[in-house]
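Reproduced below: protein-v2.pdb, with PDB, C-alpha atoms and all ligand atoms.
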```pdb
ATOM      1  CA  MET Y   1       1.799  35.705 -97.324
ATOM      2  CA  GLN Y   2       4.157  32.778 -97.574
ATOM      3  CA  ARG Y   3       4.373  30.715-100.753
ATOM      4  CA  VAL Y   4       5.721  27.159-100.629
ATOM      5  CA  THR Y   5       6.057  24.360-103.150
ATOM      6  CA  ARG Y   6       7.413  21.543-100.938
ATOM      7  CA  VAL Y   7       5.582  19.438 -98.358
ATOM      8  CA  ALA Y   8       8.578  19.724 -96.013
ATOM      9  CA  GLU Y   9       8.278  23.546 -95.977
ATOM     10  CA  LEU Y  10       4.540  23.305 -95.380
ATOM     11  CA  ARG Y  11       5.125  21.050 -92.372
ATOM     12  CA  VAL Y  12       7.587  23.534 -90.871
ATOM     13  CA  TRP Y  13       4.966  26.297 -91.148
ATOM     14  CA  ARG Y  14       2.203  24.040 -89.791
ATOM     15  CA  ARG Y  15       4.081  23.235 -86.576
ATOM     16  CA  THR Y  16       3.656  26.790 -85.278
ATOM     17  CA  ALA Y  17       0.474  27.831 -87.116
ATOM     18  CA  ALA Y  18      -2.356  29.371 -85.086
ATOM     19  CA  GLU Y  19      -5.464  27.153 -84.961
ATOM     20  CA  PRO Y  20      -8.030  26.623 -86.300
ATOM     21  CA  VAL Y  21      -6.284  26.258 -89.646
ATOM     22  CA  GLY Y  22      -8.700  26.715 -92.557
ATOM     23  CA  PHE Y  23      -7.887  25.143 -95.916
ATOM     24  CA  VAL Y  24      -9.195  26.006 -99.386
ATOM     25  CA  PRO Y  25      -8.033  23.571-102.089
ATOM     26  CA  THR Y  26      -8.193  24.937-105.659
ATOM     27  CA  MET Y  27      -6.866  24.326-109.142
ATOM     28  CA  GLY Y  28      -6.075  28.037-109.507
ATOM     29  CA  TYR Y  29      -7.193  30.547-112.144
ATOM     30  CA  LEU Y  30      -9.115  32.055-109.289
ATOM     31  CA  HIS Y  31     -12.434  33.868-109.491
ATOM     32  CA  ASP Y  32     -14.927  35.242-106.970
ATOM     33  CA  GLY Y  33     -16.276  31.720-106.295
ATOM     34  CA  HIS Y  34     -12.881  30.619-104.989
ATOM     35  CA  LEU Y  35     -12.525  33.903-103.106
ATOM     36  CA  ALA Y  36     -15.886  33.348-101.367
ATOM     37  CA  LEU Y  37     -14.375  30.151 -99.905
ATOM     38  CA  VAL Y  38     -11.226  32.034 -98.876
ATOM     39  CA  ARG Y  39     -13.263  34.816 -97.239
ATOM     40  CA  ARG Y  40     -15.349  32.316 -95.304
ATOM     41  CA  ALA Y  41     -12.167  30.582 -94.139
ATOM     42  CA  ARG Y  42     -10.603  33.942 -93.220
ATOM     43  CA  ALA Y  43     -13.686  34.836 -91.162
ATOM     44  CA  GLU Y  44     -13.735  31.508 -89.291
ATOM     45  CA  CYS Y  45     -10.069  30.542 -88.867
ATOM     46  CA  ALA Y  46      -6.900  31.853 -87.242
ATOM     47  CA  ALA Y  47      -4.776  30.819 -90.229
ATOM     48  CA  VAL Y  48      -5.750  30.211 -93.861
ATOM     49  CA  VAL Y  49      -3.991  27.959 -96.373
ATOM     50  CA  THR Y  50      -4.921  27.832-100.062
ATOM     51  CA  SER Y  51      -3.516  25.238-102.414
ATOM     52  CA  ILE Y  52      -3.138  25.742-106.141
ATOM     53  CA  PHE Y  53      -2.641  22.441-107.899
ATOM     54  CA  VAL Y  54      -4.062  21.289-111.222
ATOM     55  CA  ASN Y  55      -4.427  17.650-110.297
ATOM     56  CA  PRO Y  56      -3.656  15.416-113.296
ATOM     57  CA  THR Y  57      -5.284  12.306-111.816
ATOM     58  CA  GLN Y  58      -8.783  13.808-111.896
ATOM     59  CA  PHE Y  59      -8.650  14.501-115.645
ATOM     60  CA  GLY Y  60      -9.574  11.838-118.190
ATOM     61  CA  PRO Y  61      -7.252  11.175-121.161
ATOM     62  CA  GLN Y  62      -9.503  13.214-123.502
ATOM     63  CA  GLU Y  63      -9.999  16.048-120.997
ATOM     64  CA  ASP Y  64      -8.388  19.484-120.655
ATOM     65  CA  PHE Y  65      -5.491  18.915-118.195
ATOM     66  CA  ALA Y  66      -2.868  20.331-120.585
ATOM     67  CA  THR Y  67      -4.933  23.363-121.541
ATOM     68  CA  TYR Y  68      -6.580  24.054-118.152
ATOM     69  CA  PRO Y  69      -6.162  27.828-117.582
ATOM     70  CA  ARG Y  70      -3.292  28.829-115.300
ATOM     71  CA  ASP Y  71      -2.107  32.230-113.999
ATOM     72  CA  LEU Y  72      -0.123  31.769-110.798
ATOM     73  CA  ASP Y  73       1.041  35.377-110.433
ATOM     74  CA  ARG Y  74      -2.492  36.721-110.645
ATOM     75  CA  ASP Y  75      -3.735  34.059-108.213
ATOM     76  CA  LEU Y  76      -1.016  34.943-105.689
ATOM     77  CA  ALA Y  77      -1.932  38.641-105.830
ATOM     78  CA  LEU Y  78      -5.616  37.851-105.270
ATOM     79  CA  LEU Y  79      -4.864  35.572-102.313
ATOM     80  CA  ALA Y  80      -2.455  38.071-100.729
ATOM     81  CA  ALA Y  81      -5.208  40.707-100.936
ATOM     82  CA  GLU Y  82      -7.577  38.348 -99.069
ATOM     83  CA  GLY Y  83      -5.123  37.927 -96.204
ATOM     84  CA  VAL Y  84      -4.242  34.283 -96.880
ATOM     85  CA  ASP Y  85      -1.339  33.154 -94.697
ATOM     86  CA  LEU Y  86       0.164  30.461 -96.891
ATOM     87  CA  VAL Y  87      -0.187  29.303-100.483
ATOM     88  CA  PHE Y  88       0.875  25.754-101.269
ATOM     89  CA  ALA Y  89       1.569  25.370-104.994
ATOM     90  CA  PRO Y  90       3.389  22.062-105.488
ATOM     91  CA  ASP Y  91       4.657  20.540-108.743
ATOM     92  CA  VAL Y  92       3.065  17.323-109.974
ATOM     93  CA  GLY Y  93       6.176  15.375-108.892
ATOM     94  CA  GLU Y  94       5.849  16.605-105.301
ATOM     95  CA  VAL Y  95       2.322  15.181-105.041
ATOM     96  CA  TYR Y  96       2.833  12.086-107.205
ATOM     97  CA  PRO Y  97       6.442  10.955-106.894
ATOM     98  CA  PRO Y  98       7.612   8.017-109.018
ATOM     99  CA  GLY Y  99       6.060   4.775-107.801
ATOM    100  CA  PHE Y 100       2.868   6.398-106.468
ATOM    101  CA  GLN Y 101       0.124   3.731-106.337
ATOM    102  CA  THR Y 102      -2.337   4.340-103.465
ATOM    103  CA  TRP Y 103      -5.859   5.492-104.318
ATOM    104  CA  VAL Y 104      -8.954   6.549-102.386
ATOM    105  CA  GLU Y 105     -12.345   5.572-103.744
ATOM    106  CA  VAL Y 106     -15.645   6.731-102.251
ATOM    107  CA  SER Y 107     -17.507   4.012-104.075
ATOM    108  CA  GLU Y 108     -21.251   4.680-104.077
ATOM    109  CA  LEU Y 109     -21.307   8.468-104.218
ATOM    110  CA  SER Y 110     -18.801   8.427-107.093
ATOM    111  CA  ARG Y 111     -21.011   6.369-109.392
ATOM    112  CA  PRO Y 112     -23.932   8.626-110.525
ATOM    113  CA  LEU Y 113     -23.990  12.082-112.177
ATOM    114  CA  GLU Y 114     -20.416  13.206-112.949
ATOM    115  CA  GLY Y 115     -19.112   9.737-112.107
ATOM    116  CA  ALA Y 116     -21.074   8.207-114.964
ATOM    117  CA  PHE Y 117     -19.494  10.600-117.498
ATOM    118  CA  ARG Y 118     -16.003  11.030-116.022
ATOM    119  CA  PRO Y 119     -14.700   7.585-115.051
ATOM    120  CA  GLY Y 120     -11.933   7.830-112.464
ATOM    121  CA  HIS Y 121     -12.533  11.550-111.857
ATOM    122  CA  PHE Y 122     -13.612  11.251-108.230
ATOM    123  CA  ARG Y 123     -10.916   8.686-107.454
ATOM    124  CA  GLY Y 124      -8.439  11.388-108.480
ATOM    125  CA  VAL Y 125     -10.300  14.039-106.471
ATOM    126  CA  ALA Y 126     -10.622  11.964-103.284
ATOM    127  CA  THR Y 127      -6.995  10.862-103.481
ATOM    128  CA  VAL Y 128      -5.564  14.345-103.951
ATOM    129  CA  VAL Y 129      -7.841  15.873-101.305
ATOM    130  CA  LEU Y 130      -6.842  13.239 -98.740
ATOM    131  CA  LYS Y 131      -3.178  13.839 -99.584
ATOM    132  CA  LEU Y 132      -3.631  17.612 -99.280
ATOM    133  CA  PHE Y 133      -5.452  17.127 -95.965
ATOM    134  CA  ASN Y 134      -2.539  15.051 -94.680
ATOM    135  CA  MET Y 135      -0.052  17.668 -95.855
ATOM    136  CA  VAL Y 136      -1.887  20.751 -94.523
ATOM    137  CA  GLN Y 137      -3.602  19.116 -91.523
ATOM    138  CA  PRO Y 138      -6.419  21.660 -91.474
ATOM    139  CA  ASN Y 139      -9.104  21.875 -88.798
ATOM    140  CA  ARG Y 140     -11.633  23.133 -91.329
ATOM    141  CA  ALA Y 141     -11.779  22.773 -95.135
ATOM    142  CA  TYR Y 142     -13.939  24.745 -97.550
ATOM    143  CA  PHE Y 143     -15.645  23.454-100.701
ATOM    144  CA  GLY Y 144     -18.070  25.012-103.184
ATOM    145  CA  GLN Y 145     -21.636  23.841-103.599
ATOM    146  CA  LYS Y 146     -21.025  24.413-107.330
ATOM    147  CA  ASP Y 147     -19.293  21.009-107.265
ATOM    148  CA  ALA Y 148     -21.960  19.442-105.053
ATOM    149  CA  GLN Y 149     -21.083  15.810-105.759
ATOM    150  CA  GLN Y 150     -17.441  16.531-104.953
ATOM    151  CA  ALA Y 151     -18.438  18.165-101.660
ATOM    152  CA  ARG Y 152     -20.636  15.182-100.746
ATOM    153  CA  ILE Y 153     -17.818  12.767-101.577
ATOM    154  CA  ILE Y 154     -15.359  14.677 -99.392
ATOM    155  CA  GLU Y 155     -17.888  14.760 -96.527
ATOM    156  CA  GLN Y 156     -18.292  10.994 -96.842
ATOM    157  CA  MET Y 157     -14.523  10.382 -97.011
ATOM    158  CA  VAL Y 158     -13.962  12.478 -93.869
ATOM    159  CA  ARG Y 159     -16.585  10.460 -92.059
ATOM    160  CA  ASP Y 160     -15.502   7.026 -93.340
ATOM    161  CA  LEU Y 161     -11.794   7.610 -92.661
ATOM    162  CA  ASP Y 162     -12.278   9.417 -89.302
ATOM    163  CA  LEU Y 163     -10.502  12.581 -90.402
ATOM    164  CA  PRO Y 164     -10.622  15.273 -87.676
ATOM    165  CA  ILE Y 165     -11.693  17.966 -90.159
ATOM    166  CA  THR Y 166     -14.906  19.986 -90.421
ATOM    167  CA  ILE Y 167     -16.097  20.330 -94.018
ATOM    168  CA  VAL Y 168     -17.821  23.618 -94.849
ATOM    169  CA  THR Y 169     -19.851  23.903 -98.053
ATOM    170  CA  VAL Y 170     -20.173  27.412 -99.475
ATOM    171  CA  PRO Y 171     -23.052  28.555-101.768
ATOM    172  CA  THR Y 172     -22.364  28.965-105.482
ATOM    173  CA  VAL Y 173     -21.230  32.413-106.611
ATOM    174  CA  ARG Y 174     -22.823  33.569-109.887
ATOM    175  CA  GLU Y 175     -22.451  36.375-112.399
ATOM    176  CA  ALA Y 176     -25.245  38.959-112.289
ATOM    177  CA  ASP Y 177     -26.970  37.145-115.187
ATOM    178  CA  GLY Y 178     -26.930  33.802-113.345
ATOM    179  CA  LEU Y 179     -23.938  32.026-114.916
ATOM    180  CA  ALA Y 180     -22.085  30.083-112.192
ATOM    181  CA  LEU Y 181     -18.478  31.270-111.965
ATOM    182  CA  SER Y 182     -16.037  28.668-113.258
ATOM    183  CA  SER Y 183     -12.414  28.754-114.385
ATOM    184  CA  ARG Y 184     -13.639  27.007-117.547
ATOM    185  CA  ASN Y 185     -15.921  29.940-118.484
ATOM    186  CA  VAL Y 186     -12.897  31.491-120.256
ATOM    187  CA  TYR Y 187     -13.291  28.801-122.915
ATOM    188  CA  LEU Y 188     -16.746  30.155-123.909
ATOM    189  CA  SER Y 189     -17.235  32.423-126.925
ATOM    190  CA  ALA Y 190     -19.680  35.316-126.460
ATOM    191  CA  ALA Y 191     -22.429  33.331-128.212
ATOM    192  CA  GLU Y 192     -21.722  30.195-126.168
ATOM    193  CA  ARG Y 193     -21.747  32.194-122.954
ATOM    194  CA  GLN Y 194     -25.145  33.630-123.885
ATOM    195  CA  ALA Y 195     -26.510  30.162-124.694
ATOM    196  CA  ALA Y 196     -25.074  28.734-121.440
ATOM    197  CA  LEU Y 197     -27.387  31.003-119.439
ATOM    198  CA  VAL Y 198     -30.152  28.494-120.148
ATOM    199  CA  ILE Y 199     -28.596  26.232-117.482
ATOM    200  CA  SER Y 200     -29.040  28.633-114.558
ATOM    201  CA  ARG Y 201     -32.396  29.722-115.985
ATOM    202  CA  ALA Y 202     -33.644  26.115-115.984
ATOM    203  CA  LEU Y 203     -32.341  25.546-112.442
ATOM    204  CA  ARG Y 204     -34.027  28.733-111.225
ATOM    205  CA  ALA Y 205     -37.308  27.623-112.789
ATOM    206  CA  VAL Y 206     -37.157  24.299-110.931
ATOM    207  CA  ALA Y 207     -36.387  26.092-107.665
ATOM    208  CA  ALA Y 208     -39.392  28.367-108.286
ATOM    209  CA  ARG Y 209     -41.686  25.387-108.953
ATOM    210  CA  TRP Y 210     -40.388  23.751-105.765
ATOM    211  CA  ALA Y 211     -41.041  26.978-103.817
ATOM    212  CA  ALA Y 212     -44.566  27.034-105.277
ATOM    213  CA  GLY Y 213     -45.191  23.571-103.812
ATOM    214  CA  GLU Y 214     -44.399  21.121-106.641
ATOM    215  CA  ARG Y 215     -43.012  17.901-105.112
ATOM    216  CA  ASP Y 216     -43.196  15.403-107.997
ATOM    217  CA  ALA Y 217     -39.686  14.490-109.216
ATOM    218  CA  ALA Y 218     -40.801  13.692-112.777
ATOM    219  CA  GLU Y 219     -42.572  17.039-113.046
ATOM    220  CA  LEU Y 220     -39.550  18.984-111.737
ATOM    221  CA  ARG Y 221     -37.233  17.063-114.101
ATOM    222  CA  GLN Y 222     -39.535  17.896-117.007
ATOM    223  CA  VAL Y 223     -39.428  21.623-116.199
ATOM    224  CA  LEU Y 224     -35.619  21.392-116.154
ATOM    225  CA  ARG Y 225     -35.350  19.471-119.430
ATOM    226  CA  ASP Y 226     -37.977  21.520-121.292
ATOM    227  CA  ILE Y 227     -36.137  24.762-120.576
ATOM    228  CA  LEU Y 228     -32.735  23.252-121.442
ATOM    229  CA  ALA Y 229     -34.222  22.047-124.749
ATOM    230  CA  THR Y 230     -34.940  25.655-125.793
ATOM    231  CA  GLU Y 231     -31.170  26.040-126.467
ATOM    232  CA  PRO Y 232     -30.193  23.204-128.815
ATOM    233  CA  SER Y 233     -26.540  24.351-128.761
ATOM    234  CA  VAL Y 234     -26.460  23.392-125.053
ATOM    235  CA  ARG Y 235     -26.266  19.586-125.005
ATOM    236  CA  PRO Y 236     -26.956  18.046-121.567
ATOM    237  CA  ASP Y 237     -25.032  14.987-120.345
ATOM    238  CA  TYR Y 238     -27.585  14.780-117.533
ATOM    239  CA  ALA Y 239     -30.313  16.981-116.052
ATOM    240  CA  THR Y 240     -31.913  15.443-113.021
ATOM    241  CA  VAL Y 241     -33.213  15.608-109.466
ATOM    242  CA  ALA Y 242     -31.314  13.441-106.978
ATOM    243  CA  ASP Y 243     -31.333  12.773-103.251
ATOM    244  CA  LEU Y 244     -28.549  14.984-101.837
ATOM    245  CA  ARG Y 245     -27.609  12.274 -99.331
ATOM    246  CA  THR Y 246     -27.200   9.373-101.806
ATOM    247  CA  LEU Y 247     -27.046  11.288-105.137
ATOM    248  CA  VAL Y 248     -29.449   8.693-106.550
ATOM    249  CA  GLU Y 249     -32.125   9.991-108.940
ATOM    250  CA  ILE Y 250     -35.461  10.516-107.176
ATOM    251  CA  GLU Y 251     -38.618   8.835-108.457
ATOM    252  CA  GLY Y 252     -41.973   9.995-107.091
ATOM    253  CA  ARG Y 253     -42.150  12.525-104.285
ATOM    254  CA  VAL Y 254     -39.147  14.741-103.542
ATOM    255  CA  THR Y 255     -38.208  15.126 -99.896
ATOM    256  CA  PRO Y 256     -35.500  17.680 -99.111
ATOM    257  CA  PRO Y 257     -32.615  18.016 -99.329
ATOM    258  CA  ALA Y 258     -32.514  17.265-103.049
ATOM    259  CA  LEU Y 259     -29.964  18.200-105.693
ATOM    260  CA  VAL Y 260     -31.121  19.500-109.059
ATOM    261  CA  ALA Y 261     -28.020  18.922-111.175
ATOM    262  CA  VAL Y 262     -27.069  19.668-114.774
ATOM    263  CA  ALA Y 263     -23.974  18.909-116.832
ATOM    264  CA  ALA Y 264     -23.996  20.156-120.398
ATOM    265  CA  ARG Y 265     -21.650  20.711-123.304
ATOM    266  CA  VAL Y 266     -21.579  24.118-124.932
ATOM    267  CA  GLY Y 267     -19.268  23.989-127.923
ATOM    268  CA  ARG Y 268     -16.126  22.296-126.608
ATOM    269  CA  THR Y 269     -16.756  23.341-123.004
ATOM    270  CA  ARG Y 270     -18.420  21.151-120.410
ATOM    271  CA  LEU Y 271     -20.266  23.062-117.681
ATOM    272  CA  ILE Y 272     -21.914  21.844-114.482
ATOM    273  CA  ASP Y 273     -24.335  23.652-112.203
ATOM    274  CA  ASN Y 274     -26.953  22.802-109.581
ATOM    275  CA  VAL Y 275     -29.399  24.080-107.005
ATOM    276  CA  VAL Y 276     -30.316  22.453-103.707
ATOM    277  CA  LEU Y 277     -33.993  22.078-102.774
ATOM    278  CA  GLY Y 278     -34.023  22.459 -99.015
ATOM    279  CA  GLU Y 279     -30.903  22.863 -96.895
ATOM    280  CA  TRP Y 280     -27.439  21.351 -97.391
ATOM    281  CA  LEU Y 281     -26.903  18.408 -95.024
ATOM    282  CA  THR Y 282     -25.464  19.165 -91.610
TER
HETATM  283  P1  LIG X   1     -11.567  24.315-108.656
HETATM  284  O1  LIG X   1     -10.437  25.289-108.722
HETATM  285  O2  LIG X   1     -12.476  24.363-109.834
HETATM  286  O3  LIG X   1     -11.121  22.925-108.288
HETATM  287  O4  LIG X   1     -12.484  24.792-107.436
HETATM  288  C1  LIG X   1     -11.931  24.944-106.147
HETATM  289  C2  LIG X   1     -13.057  25.119-105.163
HETATM  290  O5  LIG X   1     -13.813  26.279-105.500
HETATM  291  C3  LIG X   1     -14.037  23.937-105.171
HETATM  292  O6  LIG X   1     -14.428  23.648-103.833
HETATM  293  C4  LIG X   1     -15.185  24.485-105.979
HETATM  294  O7  LIG X   1     -16.429  23.878-105.670
HETATM  295  C5  LIG X   1     -15.176  25.942-105.568
HETATM  296  N1  LIG X   1     -15.880  26.752-106.570
HETATM  297  C6  LIG X   1     -15.688  26.755-107.904
HETATM  298  N2  LIG X   1     -16.565  27.583-108.514
HETATM  299  C7  LIG X   1     -17.342  28.111-107.537
HETATM  300  C8  LIG X   1     -18.433  29.032-107.511
HETATM  301  N3  LIG X   1     -18.903  29.579-108.620
HETATM  302  N4  LIG X   1     -18.982  29.331-106.315
HETATM  303  C9  LIG X   1     -18.519  28.764-105.170
HETATM  304  N5  LIG X   1     -17.490  27.904-105.120
HETATM  305  C10 LIG X   1     -16.911  27.574-106.284
END
```

Mind converting the file's structure to structure tokens?
Amino acid sequence: MQRVTRVAELRVWRRTAAEPVGFVPTMGYLHDGHLALVRRARAECAAVVTSIFVNPTQFGPQEDFATYPRDLDRDLALLAAEGVDLVFAPDVGEVYPPGFQTWVEVSELSRPLEGAFRPGHFRGVATVVLKLFNMVQPNRAYFGQKDAQQARIIEQMVRDLDLPITIVTVPTVREADGLALSSRNVYLSAAERQAALVISRALRAVAARWAAGERDAAELRQVLRDILATEPSVRPDYATVADLRTLVEIEGRVTPPALVAVAARVGRTRLIDNVVLGEWLT
């Protein structure tokens, strides 16, 4: 496995790489969710690139950029064991040199859900992902359904900007008790982690009601919110049912695919999770 920090080195590798090249962008501190993306890429592509870059422009001023967990040596060992061909781990200055001033905004899809609580977040995400795409020039790129709005925004950007890249969305990997894997789970105390289980429990209950034939958005939202309310230490930013295509909250009858999405604060940690009713868009 090759490890590079400079775009120039990446380009040298890319010139002779076997295609299709699969790309898995990450912020590191890898867990089995990230590795599910890597395994899917490994199964589908002749060469696999993973990036590890904690992108400062997607963090708000009060957010956890400085304290975001990092462990590059461990990440490199995990990726080598998965048969990754190249790891791109640039410094901030390599991605954002002095004078940087060009931004990508996927306007509509960035407004609801996370966008309403994290102003500028998706501008940072779309910008860094487009830059990474231009650096790596992958044929296929892999994203987690755990960050469903992010995946939708990248799909839209690829379409709007005519990028010759296939976006693959991979189902969320969970702990045995339902908690969605996240690098930020390390912030949780044992009690907070226990309380946080209410999120996946509430999502599962909505999926079960959907499977049993419930189609009324208000009813499904109520199931979600009632279960979340049983854990007062878990404080939702939003808990809703949205159209997966537009990410706009659904009123009335739900037609698939729909996104049941939750963001909630548990202590100082902000967690997001979701389930899709129906199939992810193709
Ligand atoms: P991050 O390092 O948090 O930026 O995540 C990198 C990629 O891994 C993103 O596409 C995430 O959606 C994906 N990812 C994170 N957690 C999970 C999970 N539990 N299951 C599947 N994919 C995930």

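Taking CA of Ile165 (chain Y) and CA of Asn139 (chain Y) as the two end points, the separation is 4.9 Å.
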
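Distances from Y:Val95, Y:Leu181, Y:Ala43, Y:Ala116 to Leu132 (chain Y) were compared using only C-alpha atoms, and the smallest one belongs to Y:Val95.
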
- Message: Residue by residue, what does the PyMOL selection byres (((chain Y and resi 89) around 12) and not hetatm) grab here? Present the result as a PyMOL selection string.
- Response: chain Y and resi 2-7+9-10+25-28+49-55+70-73+75-76+86-88+90-95+132+136

Requested write-out: C-alpha atoms of the selected residues, as a CSV table (one decimal), in the coordinates of the input:
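Listing of selection11.csv after writing:
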```
chain,number,residue,atom,x,y,z
Y,2,GLN,CA,4.2,32.8,-97.6
Y,3,ARG,CA,4.4,30.7,-100.8
Y,4,VAL,CA,5.7,27.2,-100.6
Y,5,THR,CA,6.1,24.4,-103.2
Y,6,ARG,CA,7.4,21.5,-100.9
Y,7,VAL,CA,5.6,19.4,-98.4
Y,9,GLU,CA,8.3,23.5,-96.0
Y,10,LEU,CA,4.5,23.3,-95.4
Y,25,PRO,CA,-8.0,23.6,-102.1
Y,26,THR,CA,-8.2,24.9,-105.7
Y,27,MET,CA,-6.9,24.3,-109.1
Y,28,GLY,CA,-6.1,28.0,-109.5
Y,49,VAL,CA,-4.0,28.0,-96.4
Y,50,THR,CA,-4.9,27.8,-100.1
Y,51,SER,CA,-3.5,25.2,-102.4
Y,52,ILE,CA,-3.1,25.7,-106.1
Y,53,PHE,CA,-2.6,22.4,-107.9
Y,54,VAL,CA,-4.1,21.3,-111.2
Y,55,ASN,CA,-4.4,17.6,-110.3
Y,70,ARG,CA,-3.3,28.8,-115.3
Y,71,ASP,CA,-2.1,32.2,-114.0
Y,72,LEU,CA,-0.1,31.8,-110.8
Y,73,ASP,CA,1.0,35.4,-110.4
Y,75,ASP,CA,-3.7,34.1,-108.2
Y,76,LEU,CA,-1.0,34.9,-105.7
Y,86,LEU,CA,0.2,30.5,-96.9
Y,87,VAL,CA,-0.2,29.3,-100.5
Y,88,PHE,CA,0.9,25.8,-101.3
Y,90,PRO,CA,3.4,22.1,-105.5
Y,91,ASP,CA,4.7,20.5,-108.7
Y,92,VAL,CA,3.1,17.3,-110.0
Y,93,GLY,CA,6.2,15.4,-108.9
Y,94,GLU,CA,5.8,16.6,-105.3
Y,95,VAL,CA,2.3,15.2,-105.0
Y,132,LEU,CA,-3.6,17.6,-99.3
Y,136,VAL,CA,-1.9,20.8,-94.5
```

Can you build me a table of region 128-178 of chain Y residues sitting at most 10 Å from region 256-265 of chain Y, with the closest atom pair per residue and its distance in Å to one decimal, using all atoms listed in the file, sorted by chain and residue number, as CSV?
```
residue,atom,partner,partner_atom,distance
Y:Lys146,CA,Y:Ala261,CA,9.7
Y:Asp147,CA,Y:Ala261,CA,9.8
Y:Ala148,CA,Y:Leu259,CA,8.1
Y:Gln149,CA,Y:Leu259,CA,9.2
```

Do a neighbour search on Leu277 (chain Y) at 12 Å with all atoms listed in the file, toss out local chain neighbours closer than 5 positions, and write the hits as a compact mmCIF listing (two decimals) with C-alpha atoms, in the frame of the given file.
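So out-v1.txt came out as:
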```
# COMPACT_ATOMS: atom_id res chain seq x y z
CA LEU Y 203 -32.34 25.55 -112.44
CA ARG Y 204 -34.03 28.73 -111.22
CA ALA Y 205 -37.31 27.62 -112.79
CA VAL Y 206 -37.16 24.30 -110.93
CA ALA Y 207 -36.39 26.09 -107.66
CA ALA Y 208 -39.39 28.37 -108.29
CA ARG Y 209 -41.69 25.39 -108.95
CA TRP Y 210 -40.39 23.75 -105.76
CA ALA Y 211 -41.04 26.98 -103.82
CA ALA Y 212 -44.57 27.03 -105.28
CA GLY Y 213 -45.19 23.57 -103.81
CA GLU Y 214 -44.40 21.12 -106.64
CA ARG Y 215 -43.01 17.90 -105.11
CA ALA Y 217 -39.69 14.49 -109.22
CA LEU Y 220 -39.55 18.98 -111.74
CA VAL Y 241 -33.21 15.61 -109.47
CA ALA Y 242 -31.31 13.44 -106.98
CA ASP Y 243 -31.33 12.77 -103.25
CA LEU Y 244 -28.55 14.98 -101.84
CA VAL Y 254 -39.15 14.74 -103.54
CA THR Y 255 -38.21 15.13 -99.90
CA PRO Y 256 -35.50 17.68 -99.11
CA PRO Y 257 -32.62 18.02 -99.33
CA ALA Y 258 -32.51 17.26 -103.05
CA LEU Y 259 -29.96 18.20 -105.69
CA VAL Y 260 -31.12 19.50 -109.06
CA ALA Y 261 -28.02 18.92 -111.18
```

- Got a sec to check which residues lie within 9 Å of ligand LIG 1 (chain X), using all atoms listed in the file, and send them as a PyMOL selection string? chain Y and resi 24-37+52-55+142-148+150-151+169-175+179-184+273

Grab the residues selected above and save them as a compact mmCIF listing (two decimals), in the frame of the given file with C-alpha atoms.
```
# COMPACT_ATOMS: atom_id res chain seq x y z
CA VAL Y 24 -9.20 26.01 -99.39
CA PRO Y 25 -8.03 23.57 -102.09
CA THR Y 26 -8.19 24.94 -105.66
CA MET Y 27 -6.87 24.33 -109.14
CA GLY Y 28 -6.08 28.04 -109.51
CA TYR Y 29 -7.19 30.55 -112.14
CA LEU Y 30 -9.12 32.06 -109.29
CA HIS Y 31 -12.43 33.87 -109.49
CA ASP Y 32 -14.93 35.24 -106.97
CA GLY Y 33 -16.28 31.72 -106.30
CA HIS Y 34 -12.88 30.62 -104.99
CA LEU Y 35 -12.52 33.90 -103.11
CA ALA Y 36 -15.89 33.35 -101.37
CA LEU Y 37 -14.38 30.15 -99.90
CA ILE Y 52 -3.14 25.74 -106.14
CA PHE Y 53 -2.64 22.44 -107.90
CA VAL Y 54 -4.06 21.29 -111.22
CA ASN Y 55 -4.43 17.65 -110.30
CA TYR Y 142 -13.94 24.74 -97.55
CA PHE Y 143 -15.64 23.45 -100.70
CA GLY Y 144 -18.07 25.01 -103.18
CA GLN Y 145 -21.64 23.84 -103.60
CA LYS Y 146 -21.02 24.41 -107.33
CA ASP Y 147 -19.29 21.01 -107.26
CA ALA Y 148 -21.96 19.44 -105.05
CA GLN Y 150 -17.44 16.53 -104.95
CA ALA Y 151 -18.44 18.16 -101.66
CA THR Y 169 -19.85 23.90 -98.05
CA VAL Y 170 -20.17 27.41 -99.48
CA PRO Y 171 -23.05 28.56 -101.77
CA THR Y 172 -22.36 28.96 -105.48
CA VAL Y 173 -21.23 32.41 -106.61
CA ARG Y 174 -22.82 33.57 -109.89
CA GLU Y 175 -22.45 36.38 -112.40
CA LEU Y 179 -23.94 32.03 -114.92
CA ALA Y 180 -22.08 30.08 -112.19
CA LEU Y 181 -18.48 31.27 -111.96
CA SER Y 182 -16.04 28.67 -113.26
CA SER Y 183 -12.41 28.75 -114.38
CA ARG Y 184 -13.64 27.01 -117.55
CA ASP Y 273 -24.34 23.65 -112.20
```

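Here CA of Phe122 (chain Y) is placed at a distance of 24.8 Å from CA of Leu188 (chain Y).
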
- Message: Between CA of Asp226 (chain Y) and CA of Gly267 (chain Y), what is the distance in Å, rounded to a tenth?
- Response: 20.0 Å

- Query: From the list Y:Ala176, Y:Val186, Y:Val48, Y:Ala41, which residue is nearest Tyr68 (chain Y) when using all atoms listed in the file?
  - Reply: Y:Val186

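Shortest separation to Arg253 (chain Y) among Y:Met157, Y:Ala218, Y:Ala126, Y:Ala239 occurs at residue Y:Ala218, atoms counted being all atoms listed in the file.
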
- Message: At a cut-off of 9 Å, using all atoms listed in the file, what residues contact Val128 (chain Y)? Leave out same-chain residues fewer than 2 positions from it and give the result as a ChimeraX atom specification.
- Response: /Y:55,57-58,95,103-104,123-126,130-133

- Note on the structure: In terms of all atoms listed in the file, the residue from Y:Asn134, Y:Thr269, Y:Thr230, Y:Ser110 at minimal distance from Val248 (chain Y) is Y:Ser110
